[in-house]
file target18.tsv (TSV, C-alpha atoms and all ligand atoms)
chain	number	residue	atom	x	y	z
A	1	MET	CA	25.13	-45.96	-69.70
A	2	LYS	CA	28.38	-47.41	-68.44
A	3	ILE	CA	30.34	-44.46	-69.70
A	4	PHE	CA	28.97	-42.10	-67.00
A	5	PRO	CA	30.50	-43.72	-63.89
A	6	ILE	CA	33.86	-43.88	-65.67
A	7	LEU	CA	33.55	-40.26	-66.71
A	8	ILE	CA	32.60	-39.18	-63.18
A	9	LEU	CA	35.47	-41.21	-61.74
A	10	GLY	CA	37.81	-39.54	-64.22
A	11	ILE	CA	36.64	-36.06	-63.25
A	12	LEU	CA	36.95	-36.86	-59.55
A	13	THR	CA	40.50	-38.14	-60.02
A	14	LEU	CA	41.37	-35.00	-61.95
A	15	LEU	CA	39.87	-32.81	-59.24
A	16	SER	CA	41.72	-34.58	-56.45
A	17	GLN	CA	44.96	-34.05	-58.35
A	18	THR	CA	44.45	-30.33	-58.82
A	19	SER	CA	42.50	-29.43	-55.70
A	20	ALA	CA	45.49	-28.97	-53.38
A	21	SER	CA	44.46	-25.78	-51.65
A	22	VAL	CA	46.55	-22.73	-51.00
A	23	PRO	CA	48.15	-23.02	-47.54
A	24	GLU	CA	47.00	-20.50	-44.95
A	25	ILE	CA	49.73	-18.90	-42.90
A	26	THR	CA	49.65	-16.82	-39.72
A	27	VAL	CA	51.79	-13.73	-39.23
A	28	GLY	CA	52.17	-11.88	-35.94
A	29	VAL	CA	51.56	-8.25	-36.95
A	30	PHE	CA	51.44	-6.53	-33.54
A	31	GLU	CA	52.57	-7.76	-30.15
A	32	LYS	CA	52.20	-6.42	-26.59
A	33	GLN	CA	49.37	-4.02	-27.54
A	34	GLU	CA	47.21	-2.29	-24.94
A	35	LYS	CA	44.95	-0.75	-27.56
A	36	VAL	CA	44.05	-1.86	-31.08
A	37	LEU	CA	42.11	0.24	-33.62
A	38	LEU	CA	40.16	-1.77	-36.18
A	39	SER	CA	38.18	-0.89	-39.29
A	40	ALA	CA	37.27	-2.22	-42.74
A	41	GLU	CA	35.67	-0.56	-45.76
A	42	ASN	CA	32.24	-2.25	-45.38
A	43	GLY	CA	32.57	-3.34	-41.77
A	44	PHE	CA	33.27	-6.75	-40.23
A	45	THR	CA	32.05	-9.53	-37.96
A	46	VAL	CA	33.72	-10.35	-34.65
A	47	TYR	CA	33.71	-13.94	-33.40
A	48	ASP	CA	34.65	-15.12	-29.94
A	49	LEU	CA	37.00	-18.09	-30.31
A	50	SER	CA	37.49	-18.98	-26.63
A	51	SER	CA	35.01	-21.84	-26.79
A	52	GLY	CA	34.25	-22.81	-30.34
A	53	LYS	CA	33.42	-19.93	-32.70
A	54	LYS	CA	30.56	-17.66	-31.62
A	55	GLU	CA	29.51	-14.48	-33.41
A	56	ILE	CA	29.42	-11.61	-30.90
A	57	PHE	CA	29.38	-8.38	-32.90
A	58	LYS	CA	28.88	-6.85	-36.33
A	59	ARG	CA	30.05	-3.47	-37.53
A	60	TRP	CA	28.14	-2.33	-40.60
A	61	ASN	CA	30.31	0.57	-41.71
A	62	LYS	CA	33.93	1.68	-41.86
A	63	SER	CA	34.04	3.45	-38.51
A	64	VAL	CA	36.84	2.49	-36.15
A	65	LEU	CA	36.38	0.04	-33.30
A	66	GLU	CA	38.70	0.44	-30.35
A	67	ILE	CA	39.72	-2.67	-28.48
A	68	SER	CA	41.54	-2.24	-25.16
A	69	VAL	CA	43.02	-4.33	-22.42
A	70	THR	CA	40.47	-4.85	-19.60
A	71	GLU	CA	40.79	-6.18	-16.06
A	72	ARG	CA	41.03	-9.67	-17.45
A	73	GLY	CA	41.69	-10.13	-21.14
A	74	PHE	CA	40.51	-7.35	-23.44
A	75	GLY	CA	37.27	-5.89	-24.71
A	76	PHE	CA	35.25	-3.27	-26.61
A	77	LEU	CA	31.88	-1.55	-26.03
A	78	THR	CA	29.90	-3.91	-23.77
A	79	HIS	CA	32.12	-6.92	-24.45
A	80	ARG	CA	34.68	-7.48	-21.68
A	81	ASN	CA	37.23	-10.09	-20.67
A	82	LEU	CA	37.75	-11.57	-24.09
A	83	ARG	CA	40.75	-13.82	-24.66
A	84	HIS	CA	40.70	-14.79	-28.30
A	85	ILE	CA	38.65	-13.25	-31.10
A	86	GLU	CA	38.51	-13.32	-34.88
A	87	ILE	CA	37.70	-10.38	-37.15
A	88	VAL	CA	36.31	-11.23	-40.58
A	89	PRO	CA	35.81	-8.29	-42.95
A	90	PHE	CA	32.82	-8.07	-45.31
A	91	ARG	CA	33.49	-8.59	-49.02
A	92	LYS	CA	37.09	-9.58	-48.34
A	93	HIS	CA	38.19	-5.98	-47.94
A	94	PRO	CA	41.48	-5.51	-46.08
A	95	VAL	CA	41.23	-5.05	-42.32
A	96	HIS	CA	42.85	-1.85	-41.11
A	97	VAL	CA	44.63	-2.09	-37.81
A	98	ASN	CA	46.79	0.63	-36.20
A	99	LYS	CA	47.56	2.46	-39.49
A	100	MET	CA	48.32	-0.74	-41.35
A	101	ALA	CA	46.04	-2.94	-43.47
A	102	PHE	CA	46.02	-6.65	-44.15
A	103	ARG	CA	44.27	-9.08	-46.48
A	104	GLY	CA	42.60	-12.16	-44.99
A	105	ILE	CA	41.36	-12.10	-41.43
A	106	LEU	CA	42.72	-11.00	-38.07
A	107	ARG	CA	42.81	-12.78	-34.76
A	108	ILE	CA	43.51	-11.10	-31.46
A	109	ARG	CA	44.61	-13.13	-28.47
A	110	GLU	CA	45.67	-12.32	-24.96
A	111	ASP	CA	49.39	-12.85	-24.35
A	112	ARG	CA	50.88	-14.09	-21.09
A	113	PHE	CA	51.37	-10.50	-19.86
A	114	GLY	CA	47.68	-9.66	-20.29
A	115	LYS	CA	48.30	-7.64	-23.45
A	116	MET	CA	47.17	-8.30	-27.00
A	117	THR	CA	48.82	-10.09	-29.91
A	118	VAL	CA	47.33	-9.33	-33.34
A	119	ILE	CA	47.68	-12.14	-35.87
A	120	ASN	CA	46.98	-11.94	-39.58
A	121	ALA	CA	45.75	-15.23	-41.09
A	122	LEU	CA	45.76	-15.34	-44.87
A	123	ASP	CA	46.58	-17.53	-47.83
A	124	VAL	CA	50.25	-17.58	-48.75
A	125	GLU	CA	49.67	-15.97	-52.19
A	126	SER	CA	48.02	-12.88	-50.66
A	127	TYR	CA	50.83	-12.70	-48.12
A	128	LEU	CA	53.44	-12.68	-50.89
A	129	TYR	CA	51.80	-9.66	-52.55
A	130	GLY	CA	53.01	-7.67	-49.54
A	131	VAL	CA	56.47	-9.27	-49.31
A	132	ILE	CA	58.08	-8.81	-52.72
A	133	LYS	CA	58.48	-5.03	-52.58
A	134	SER	CA	60.37	-5.12	-49.33
A	135	GLU	CA	62.66	-7.98	-50.24
A	136	MET	CA	63.81	-6.84	-53.67
A	137	LEU	CA	63.66	-3.47	-55.37
A	138	LEU	CA	60.77	-3.29	-57.78
A	139	ASN	CA	62.82	-1.78	-60.59
A	140	SER	CA	64.40	-5.20	-61.15
A	141	PRO	CA	63.70	-7.06	-64.41
A	142	LEU	CA	60.54	-9.17	-64.34
A	143	GLU	CA	62.24	-12.59	-64.40
A	144	ALA	CA	64.47	-11.59	-61.46
A	145	LEU	CA	61.38	-10.56	-59.48
A	146	LYS	CA	59.69	-13.84	-60.38
A	147	SER	CA	62.70	-15.76	-59.06
A	148	GLN	CA	62.40	-13.74	-55.84
A	149	ALA	CA	58.67	-14.59	-55.62
A	150	VAL	CA	59.47	-18.32	-55.84
A	151	VAL	CA	62.18	-17.95	-53.19
A	152	ALA	CA	59.85	-16.02	-50.85
A	153	ARG	CA	57.06	-18.58	-51.35
A	154	THR	CA	59.48	-21.44	-50.67
A	155	TYR	CA	60.58	-19.72	-47.47
A	156	ALA	CA	57.00	-19.13	-46.30
A	157	ILE	CA	55.89	-22.71	-47.00
A	158	ARG	CA	58.96	-24.26	-45.39
A	159	ASN	CA	58.87	-22.02	-42.31
A	160	GLN	CA	55.12	-21.56	-41.87
A	161	ASP	CA	55.23	-22.92	-38.30
A	162	LYS	CA	58.62	-21.45	-37.36
A	163	PHE	CA	57.42	-19.39	-34.36
A	164	LEU	CA	54.20	-21.25	-33.60
A	165	LYS	CA	55.27	-22.93	-30.35
A	166	GLU	CA	57.13	-19.92	-29.01
A	167	LEU	CA	54.82	-17.07	-30.05
A	168	GLY	CA	51.49	-18.57	-31.10
A	169	PHE	CA	51.79	-17.59	-34.78
A	170	GLY	CA	53.86	-19.01	-37.62
A	171	LEU	CA	55.85	-16.06	-38.97
A	172	THR	CA	56.94	-12.65	-37.74
A	173	ARG	CA	56.64	-9.68	-40.08
A	174	ASP	CA	60.27	-8.55	-39.65
A	175	VAL	CA	63.67	-9.88	-40.74
A	176	ARG	CA	63.38	-12.85	-38.42
A	177	SER	CA	61.06	-14.20	-41.13
A	178	GLN	CA	60.45	-12.01	-44.20
A	179	VAL	CA	59.59	-8.32	-44.09
A	180	TYR	CA	55.81	-8.04	-44.57
A	181	ASN	CA	53.90	-4.78	-44.22
A	182	GLY	CA	50.52	-5.78	-45.64
A	183	VAL	CA	48.59	-4.11	-48.45
A	184	PHE	CA	50.35	-0.73	-48.29
A	185	ASP	CA	53.49	-2.45	-49.60
A	186	GLU	CA	51.65	-4.03	-52.51
A	187	HIS	CA	52.33	-2.92	-56.04
A	188	ASP	CA	50.91	-3.95	-59.45
A	189	LEU	CA	54.25	-5.49	-60.30
A	190	SER	CA	54.52	-7.51	-57.08
A	191	ILE	CA	51.01	-8.89	-57.67
A	192	LYS	CA	51.94	-9.67	-61.27
A	193	VAL	CA	55.05	-11.69	-60.41
A	194	VAL	CA	53.35	-13.54	-57.55
A	195	ASP	CA	50.44	-14.49	-59.85
A	196	ALA	CA	52.81	-15.48	-62.67
A	197	THR	CA	54.58	-17.98	-60.38
A	198	ARG	CA	51.49	-19.04	-58.40
A	199	GLY	CA	52.02	-22.19	-56.31
A	200	ARG	CA	55.60	-22.72	-57.45
A	201	ILE	CA	58.32	-23.50	-54.94
A	202	LEU	CA	61.87	-24.85	-55.03
A	203	THR	CA	62.29	-28.44	-53.93
A	204	HIS	CA	65.16	-30.84	-53.46
A	205	GLU	CA	64.28	-34.54	-53.14
A	206	GLY	CA	60.63	-33.51	-52.91
A	207	GLN	CA	61.05	-31.13	-49.96
A	208	PRO	CA	61.00	-27.30	-49.96
A	209	ILE	CA	64.58	-26.05	-49.78
A	210	SER	CA	66.23	-23.51	-47.46
A	211	ALA	CA	66.31	-20.85	-50.15
A	212	TYR	CA	68.98	-18.53	-48.74
A	213	TYR	CA	69.64	-15.35	-50.67
A	214	HIS	CA	71.69	-12.18	-50.30
A	215	SER	CA	72.24	-8.82	-52.03
A	216	ALA	CA	75.43	-9.31	-54.07
A	217	CYS	CA	78.00	-12.08	-53.82
A	218	GLY	CA	80.87	-10.07	-55.34
A	219	GLY	CA	82.12	-12.70	-57.78
A	220	ALA	CA	81.10	-16.13	-56.45
A	221	THR	CA	78.53	-17.42	-54.00
A	222	GLN	CA	79.55	-19.13	-50.78
A	223	ASP	CA	79.44	-22.89	-50.31
A	224	SER	CA	77.16	-23.94	-47.44
A	225	SER	CA	79.92	-26.20	-46.07
A	226	THR	CA	81.75	-23.07	-44.86
A	227	TRP	CA	78.81	-22.57	-42.49
A	228	GLY	CA	79.63	-25.94	-41.00
A	229	ASN	CA	76.57	-27.51	-42.56
A	230	LYS	CA	76.92	-28.93	-46.03
A	231	ILE	CA	73.65	-28.64	-47.92
A	232	ALA	CA	73.59	-30.40	-51.29
A	233	TYR	CA	71.81	-27.60	-53.18
A	234	LEU	CA	73.83	-24.68	-51.71
A	235	LYS	CA	77.13	-24.91	-53.56
A	236	ALA	CA	79.59	-22.15	-54.44
A	237	GLN	CA	78.88	-20.78	-57.90
A	238	VAL	CA	80.85	-18.27	-59.97
A	239	CYS	CA	78.80	-15.11	-60.43
A	240	PRO	CA	80.12	-12.26	-62.55
A	241	TYR	CA	76.54	-10.97	-62.92
A	242	CYS	CA	76.27	-8.71	-59.88
A	243	GLU	CA	78.83	-6.20	-61.18
A	244	ASN	CA	76.15	-3.51	-61.56
A	245	TYR	CA	75.47	-3.30	-57.85
A	246	LYS	CA	76.26	0.34	-57.05
A	247	ASP	CA	77.97	-0.42	-53.73
A	248	LEU	CA	79.84	-3.43	-55.10
A	249	HIS	CA	83.25	-2.23	-53.88
A	250	TRP	CA	83.92	-1.36	-50.26
A	251	GLU	CA	86.81	-0.80	-47.88
A	252	TYR	CA	87.11	-1.51	-44.20
A	253	GLU	CA	89.92	-0.07	-42.12
A	254	LEU	CA	90.62	-1.08	-38.57
A	255	SER	CA	93.70	-0.78	-36.35
A	256	LEU	CA	94.95	-3.94	-34.66
A	257	THR	CA	94.33	-2.28	-31.27
A	258	ASP	CA	90.71	-1.61	-32.23
A	259	LEU	CA	90.37	-5.18	-33.44
A	260	THR	CA	91.77	-6.49	-30.14
A	261	ASN	CA	89.31	-4.30	-28.21
A	262	ARG	CA	86.30	-5.15	-30.39
A	263	LEU	CA	86.88	-8.87	-30.02
A	264	ARG	CA	87.38	-8.50	-26.27
A	265	GLU	CA	83.98	-6.77	-26.02
A	266	LYS	CA	82.49	-9.82	-27.73
A	267	GLY	CA	84.14	-12.22	-25.32
A	268	HIS	CA	87.25	-13.20	-27.29
A	269	ILE	CA	90.25	-12.22	-25.17
A	270	LEU	CA	93.26	-12.24	-27.50
A	271	PRO	CA	96.07	-10.05	-26.12
A	272	ASN	CA	97.72	-7.68	-28.60
A	273	ILE	CA	96.69	-9.01	-31.97
A	274	SER	CA	99.69	-8.42	-34.23
A	275	ASP	CA	98.52	-9.93	-37.50
A	276	VAL	CA	95.48	-11.33	-39.27
A	277	ARG	CA	96.05	-14.02	-41.92
A	278	LEU	CA	93.33	-14.80	-44.40
A	279	SER	CA	92.60	-18.29	-45.84
A	280	LYS	CA	90.49	-18.23	-48.96
A	281	ASP	CA	88.57	-20.65	-51.13
A	282	THR	CA	89.35	-21.04	-54.83
A	283	PHE	CA	87.00	-18.15	-55.67
A	284	GLY	CA	88.82	-15.67	-53.45
A	285	ARG	CA	86.33	-15.70	-50.60
A	286	VAL	CA	87.80	-15.59	-47.09
A	287	ILE	CA	86.80	-18.79	-45.32
A	288	ARG	CA	88.98	-18.62	-42.21
A	289	VAL	CA	91.07	-16.01	-40.45
A	290	GLU	CA	94.06	-16.60	-38.18
A	291	LEU	CA	94.39	-14.01	-35.47
A	292	VAL	CA	98.02	-13.89	-34.34
A	293	HIS	CA	98.27	-12.54	-30.80
A	294	ALA	CA	100.74	-12.39	-27.88
A	295	ASP	CA	99.77	-15.85	-26.55
A	296	GLY	CA	99.38	-17.71	-29.83
A	297	THR	CA	97.09	-17.94	-32.81
A	298	MET	CA	93.34	-18.27	-32.94
A	299	LYS	CA	91.54	-19.64	-35.97
A	300	MET	CA	88.09	-18.24	-36.62
A	301	ASN	CA	85.46	-18.78	-39.30
A	302	ALA	CA	85.32	-15.63	-41.47
A	303	ASN	CA	81.51	-15.53	-41.26
A	304	HIS	CA	81.81	-15.44	-37.50
A	305	LEU	CA	84.34	-12.60	-37.62
A	306	ARG	CA	81.91	-10.71	-39.88
A	307	THR	CA	79.13	-11.10	-37.32
A	308	LEU	CA	81.43	-9.98	-34.49
A	309	LEU	CA	82.63	-6.85	-36.30
A	310	GLY	CA	79.21	-6.00	-37.75
A	311	ALA	CA	77.74	-7.31	-41.01
A	312	ASN	CA	77.13	-3.75	-42.24
A	313	VAL	CA	80.79	-2.71	-41.97
A	314	LEU	CA	82.52	-5.95	-42.93
A	315	ARG	CA	79.99	-6.14	-45.74
A	316	SER	CA	80.91	-9.60	-47.05
A	317	THR	CA	83.64	-12.23	-46.72
A	318	MET	CA	84.83	-11.56	-50.29
A	319	PHE	CA	87.79	-9.34	-49.38
A	320	SER	CA	91.58	-9.02	-49.51
A	321	ASP	CA	94.36	-7.40	-47.55
A	322	SER	CA	95.43	-4.12	-49.03
A	323	GLU	CA	98.18	-1.58	-48.45
A	324	LYS	CA	97.00	1.75	-47.16
A	325	LYS	CA	97.04	4.35	-49.92
A	326	SER	CA	98.78	7.64	-49.28
A	327	SER	CA	96.83	10.78	-50.07
A	328	LEU	CA	100.06	12.42	-51.31
A	329	ASN	CA	100.76	12.67	-55.03
A	330	ASP	CA	104.49	13.32	-55.17
A	331	PRO	CA	106.25	9.88	-55.29
A	332	ALA	CA	109.11	11.09	-53.08
A	333	GLU	CA	106.76	12.52	-50.44
A	334	LYS	CA	104.67	9.35	-50.69
A	335	ALA	CA	107.70	7.14	-50.02
A	336	ILE	CA	108.72	9.22	-47.00
A	337	ASP	CA	105.14	9.15	-45.74
A	338	GLN	CA	105.03	5.36	-46.02
A	339	ILE	CA	108.33	4.95	-44.18
A	340	LEU	CA	107.12	7.31	-41.46
A	341	ASN	CA	103.83	5.48	-41.16
A	342	SER	CA	105.46	2.10	-40.87
A	343	PHE	CA	107.98	3.51	-38.32
A	344	MET	CA	105.17	5.06	-36.26
A	345	SER	CA	103.12	1.91	-36.30
A	346	ARG	CA	106.10	-0.20	-35.29
A	347	MET	CA	106.89	2.22	-32.46
A	348	SER	CA	103.36	2.23	-31.16
A	349	GLY	CA	102.87	-1.45	-32.00
A	350	ASP	CA	99.68	-0.50	-33.79
A	351	ARG	CA	99.10	-1.15	-37.42
A	352	SER	CA	95.99	-0.57	-39.45
A	353	LEU	CA	94.35	-3.28	-41.49
A	354	LEU	CA	92.83	-2.21	-44.74
A	355	TRP	CA	90.49	-4.75	-46.27
A	356	LYS	CA	89.09	-4.13	-49.72
A	357	GLY	CA	86.05	-6.15	-50.57
A	358	LYS	CA	83.24	-6.81	-52.98
A	359	GLY	CA	79.55	-7.53	-52.55
A	360	PHE	CA	77.15	-7.39	-49.64
A	361	GLY	CA	75.62	-10.19	-47.61
A	362	HIS	CA	76.46	-13.73	-46.52
A	363	GLY	CA	76.90	-14.94	-50.10
A	364	VAL	CA	74.94	-18.19	-49.79
A	365	GLY	CA	72.25	-19.13	-52.35
A	366	LEU	CA	70.70	-16.64	-54.75
A	367	CYS	CA	72.61	-13.43	-55.48
A	368	GLN	CA	69.88	-10.79	-55.99
A	369	TRP	CA	72.00	-8.47	-58.11
A	370	GLY	CA	73.24	-11.49	-60.02
A	371	ALA	CA	69.61	-12.51	-60.66
A	372	LYS	CA	69.04	-9.06	-62.17
A	373	GLY	CA	72.14	-9.45	-64.35
A	374	LEU	CA	71.02	-12.89	-65.55
A	375	ALA	CA	67.47	-11.63	-66.26
A	376	ASN	CA	69.00	-8.88	-68.39
A	377	LYS	CA	70.91	-11.55	-70.30
A	378	GLY	CA	67.59	-13.26	-71.11
A	379	TYR	CA	67.43	-15.97	-68.43
A	380	ASN	CA	63.91	-16.82	-67.22
A	381	PHE	CA	63.17	-17.24	-63.52
A	382	GLU	CA	63.55	-21.00	-63.58
A	383	LYS	CA	67.00	-20.80	-65.19
A	384	ILE	CA	68.03	-18.07	-62.74
A	385	LEU	CA	67.00	-20.22	-59.77
A	386	LYS	CA	68.75	-23.29	-61.12
A	387	TYR	CA	71.90	-21.23	-61.60
A	388	TYR	CA	72.15	-20.44	-57.89
A	389	TYR	CA	70.61	-23.59	-56.41
A	390	SER	CA	72.07	-26.93	-57.53
A	391	ASP	CA	69.95	-30.00	-58.20
A	392	VAL	CA	66.57	-28.41	-57.45
A	393	SER	CA	63.16	-28.54	-59.15
A	394	VAL	CA	60.56	-25.83	-59.49
A	395	THR	CA	57.51	-27.70	-58.20
A	396	ARG	CA	53.93	-26.52	-58.54
A	397	LEU	CA	52.14	-27.18	-55.25
A	398	TYR	CA	48.67	-25.99	-56.36
A	399	ASP	CA	47.01	-24.20	-59.27
B	1	ZN	ZN	76.72	-12.31	-57.57
call {"tool": "encode", "arguments": {"input": "target18.tsv", "output": "structure tokens"}}
result
Amino acid sequence: MKIFPILILGILTLLSQTSASVPEITVGVFEKQEKVLLSAENGFTVYDLSSGKKEIFKRWNKSVLEISVTERGFGFLTHRNLRHIEIVPFRKHPVHVNKMAFRGILRIREDRFGKMTVINALDVESYLYGVIKSEMLLNSPLEALKSQAVVARTYAIRNQDKFLKELGFGLTRDVRSQVYNGVFDEHDLSIKVVDATRGRILTHEGQPISAYYHSACGGATQDSSTWGNKIAYLKAQVCPYCENYKDLHWEYELSLTDLTNRLREKGHILPNISDVRLSKDTFGRVIRVELVHADGTMKMNANHLRTLLGANVLRSTMFSDSEKKSSLNDPAEKAIDQILNSFMSRMSGDRSLLWKGKGFGHGVGLCQWGAKGLANKGYNFEKILKYYYSDVSVTRLYD
């Protein structure tokens, strides 16, 4: 008889250890709306949330319900002046809203301009189904996609309240958080890799990490200290694995006059820049630039210069100075052309910089093309993650 209480106690302990539930997150899916069109396959229930939770309406079929801004708040049919409602679909079908569809439930609240904000509340696993496709091409090897799923989950868990105070929901559905377009972005493969890594996140000293990632590092990742903030798990790491990135090599040409003008537009007044000197780390990444101008020299962080010139043109900070190539084939003509060019530029005081670079993105954390390369070499997702993030654990938050 005494065995039963012990057995029950044992089961309860086991349950409490494994019953950590899946966190629910909130994503702002539409803002500043005057009209919202809602539908769900088998209909839905609408609750008024302004004082407690009161059921106010049921739709029994998939026809569309139009919600519009009213004199005060918003409303539909005979319901006016609502401020905060919740839409719960029957049978957990996705809720369609303005040509998009989302798992979980929707909430609509009045914003401070009298318009509507539509918020999608759902468990983080369902959210990730719609994130993976956008963040990494689905033709990547499975283990690379799994590593991306863990990174995206880590981001969502760590940042789940990022915009809460400012906007009234945790995450945006654009690049300010992670790109999320709901069920229309889901794919069998994205569901597969999210399920295969369910509940797993990256932690350092027990906390979810800032899991930065980028497209292709171009030879080595960037140490976080170059951002002015040394983070123990974001260290520079050699990466020869992103060589298959089709846009790996790039060139950026800019005359010194253009550079002077561009920087002036961004508030850095440096008269007549005459030279740019590059300081690199041991992996060849430009860490700092020295802009030599008529009144002196200005030192600038290379990441900052990249932001000022445009991250899509100065595609990474893994670049070198290069001589301009002549389009002429005859060596004699080429030599004359070079002399002429250098004479012209000295006369006009304008010289062109030609930077040849590799990779795309800020270079910190996981290199996505490198992850693909490592997966093709037989690395599993955990090994891939531990390659790019130092001293981290893959922790399972819930089953
Ligand atoms: Zn790489």
call {"tool": "residues_near_ligand", "arguments": {"input": "target18.tsv", "ligand": "ligand ZN 1 (chain B)", "cutoff": "9 Å", "atoms": "only C-alpha atoms and all ligand atoms", "output": "PDB file with C-alpha atoms, in the coordinates of the input"}}
result
ATOM      1  CA  HIS A 214      71.690 -12.180 -50.300  1.00  0.00           C
ATOM      2  CA  SER A 215      72.240  -8.820 -52.030  1.00  0.00           C
ATOM      3  CA  ALA A 216      75.430  -9.310 -54.070  1.00  0.00           C
ATOM      4  CA  CYS A 217      78.000 -12.080 -53.820  1.00  0.00           C
ATOM      5  CA  GLY A 218      80.870 -10.070 -55.340  1.00  0.00           C
ATOM      6  CA  GLY A 219      82.120 -12.700 -57.780  1.00  0.00           C
ATOM      7  CA  ALA A 220      81.100 -16.130 -56.450  1.00  0.00           C
ATOM      8  CA  THR A 221      78.530 -17.420 -54.000  1.00  0.00           C
ATOM      9  CA  GLN A 237      78.880 -20.780 -57.900  1.00  0.00           C
ATOM     10  CA  VAL A 238      80.850 -18.270 -59.970  1.00  0.00           C
ATOM     11  CA  CYS A 239      78.800 -15.110 -60.430  1.00  0.00           C
ATOM     12  CA  PRO A 240      80.120 -12.260 -62.550  1.00  0.00           C
ATOM     13  CA  TYR A 241      76.540 -10.970 -62.920  1.00  0.00           C
ATOM     14  CA  CYS A 242      76.270  -8.710 -59.880  1.00  0.00           C
ATOM     15  CA  GLU A 243      78.830  -6.200 -61.180  1.00  0.00           C
ATOM     16  CA  GLY A 359      79.550  -7.530 -52.550  1.00  0.00           C
ATOM     17  CA  GLY A 363      76.900 -14.940 -50.100  1.00  0.00           C
ATOM     18  CA  LEU A 366      70.700 -16.640 -54.750  1.00  0.00           C
ATOM     19  CA  CYS A 367      72.610 -13.430 -55.480  1.00  0.00           C
ATOM     20  CA  GLN A 368      69.880 -10.790 -55.990  1.00  0.00           C
ATOM     21  CA  TRP A 369      72.000  -8.470 -58.110  1.00  0.00           C
ATOM     22  CA  GLY A 370      73.240 -11.490 -60.020  1.00  0.00           C
ATOM     23  CA  ALA A 371      69.610 -12.510 -60.660  1.00  0.00           C
ATOM     24  CA  GLY A 373      72.140  -9.450 -64.350  1.00  0.00           C
TER      25      GLY A 373
END
call {"tool": "closest_residue", "arguments": {"input": "target18.tsv", "among": "A:Asp281, A:Glu166, A:Glu253, A:Glu382", "to": "A:Val150", "atoms": "only C-alpha atoms"}}
result
A:Glu382
call {"tool": "axis_aligned_box", "arguments": {"input": "target18.tsv", "around": "stretch 110-128 of chain A", "padding_each_side": "8 Å", "output": "JSON"}}
result
{"center_x": 49.6, "center_y": -12.6, "center_z": -36.0, "size_x": 23.8, "size_y": 25.9, "size_z": 48.3}
call {"tool": "residues_near_point", "arguments": {"input": "target18.tsv", "point": "(62.1, -28.2, -41.2)", "cutoff": "10 Å", "atoms": "only C-alpha atoms", "output": "tab-separated table (two decimals) with C-alpha atoms, in the frame of the given file"}}
result
chain	number	residue	atom	x	y	z
A	158	ARG	CA	58.96	-24.26	-45.39
A	159	ASN	CA	58.87	-22.02	-42.31
A	160	GLN	CA	55.12	-21.56	-41.87
A	161	ASP	CA	55.23	-22.92	-38.30
A	162	LYS	CA	58.62	-21.45	-37.36
A	207	GLN	CA	61.05	-31.13	-49.96
A	208	PRO	CA	61.00	-27.30	-49.96
A	209	ILE	CA	64.58	-26.05	-49.78
A	210	SER	CA	66.23	-23.51	-47.46
call {"tool": "residues_around", "arguments": {"input": "target18.tsv", "residues": "A:Ile157", "least_positions_apart": "3", "cutoff": "12 Å", "atoms": "only C-alpha atoms", "output": "mmCIF file with C-alpha atoms, in the frame of the given file"}}
result
data_model
loop_
_atom_site.group_PDB
_atom_site.id
_atom_site.type_symbol
_atom_site.label_atom_id
_atom_site.label_comp_id
_atom_site.auth_asym_id
_atom_site.auth_seq_id
_atom_site.Cartn_x
_atom_site.Cartn_y
_atom_site.Cartn_z
ATOM 1 C CA VAL A 22 46.550 -22.730 -51.000
ATOM 2 C CA PRO A 23 48.150 -23.020 -47.540
ATOM 3 C CA GLU A 24 47.000 -20.500 -44.950
ATOM 4 C CA ILE A 25 49.730 -18.900 -42.900
ATOM 5 C CA THR A 26 49.650 -16.820 -39.720
ATOM 6 C CA ASP A 123 46.580 -17.530 -47.830
ATOM 7 C CA VAL A 124 50.250 -17.580 -48.750
ATOM 8 C CA GLU A 125 49.670 -15.970 -52.190
ATOM 9 C CA TYR A 127 50.830 -12.700 -48.120
ATOM 10 C CA LEU A 128 53.440 -12.680 -50.890
ATOM 11 C CA VAL A 150 59.470 -18.320 -55.840
ATOM 12 C CA VAL A 151 62.180 -17.950 -53.190
ATOM 13 C CA ALA A 152 59.850 -16.020 -50.850
ATOM 14 C CA ARG A 153 57.060 -18.580 -51.350
ATOM 15 C CA THR A 154 59.480 -21.440 -50.670
ATOM 16 C CA GLN A 160 55.120 -21.560 -41.870
ATOM 17 C CA ASP A 161 55.230 -22.920 -38.300
ATOM 18 C CA LYS A 162 58.620 -21.450 -37.360
ATOM 19 C CA GLY A 170 53.860 -19.010 -37.620
ATOM 20 C CA LEU A 171 55.850 -16.060 -38.970
ATOM 21 C CA SER A 177 61.060 -14.200 -41.130
ATOM 22 C CA GLN A 178 60.450 -12.010 -44.200
ATOM 23 C CA GLY A 199 52.020 -22.190 -56.310
ATOM 24 C CA ARG A 200 55.600 -22.720 -57.450
ATOM 25 C CA ILE A 201 58.320 -23.500 -54.940
ATOM 26 C CA LEU A 202 61.870 -24.850 -55.030
ATOM 27 C CA THR A 203 62.290 -28.440 -53.930
ATOM 28 C CA GLN A 207 61.050 -31.130 -49.960
ATOM 29 C CA PRO A 208 61.000 -27.300 -49.960
ATOM 30 C CA ILE A 209 64.580 -26.050 -49.780
ATOM 31 C CA SER A 210 66.230 -23.510 -47.460
ATOM 32 C CA ALA A 211 66.310 -20.850 -50.150
ATOM 33 C CA LEU A 397 52.140 -27.180 -55.250
#
call {"tool": "closest_residue", "arguments": {"input": "target18.tsv", "among": "A:Ala294, A:Val131, A:Leu142, A:Ala232", "to": "A:Asp174", "atoms": "all atoms listed in the file"}}
result
A:Val131
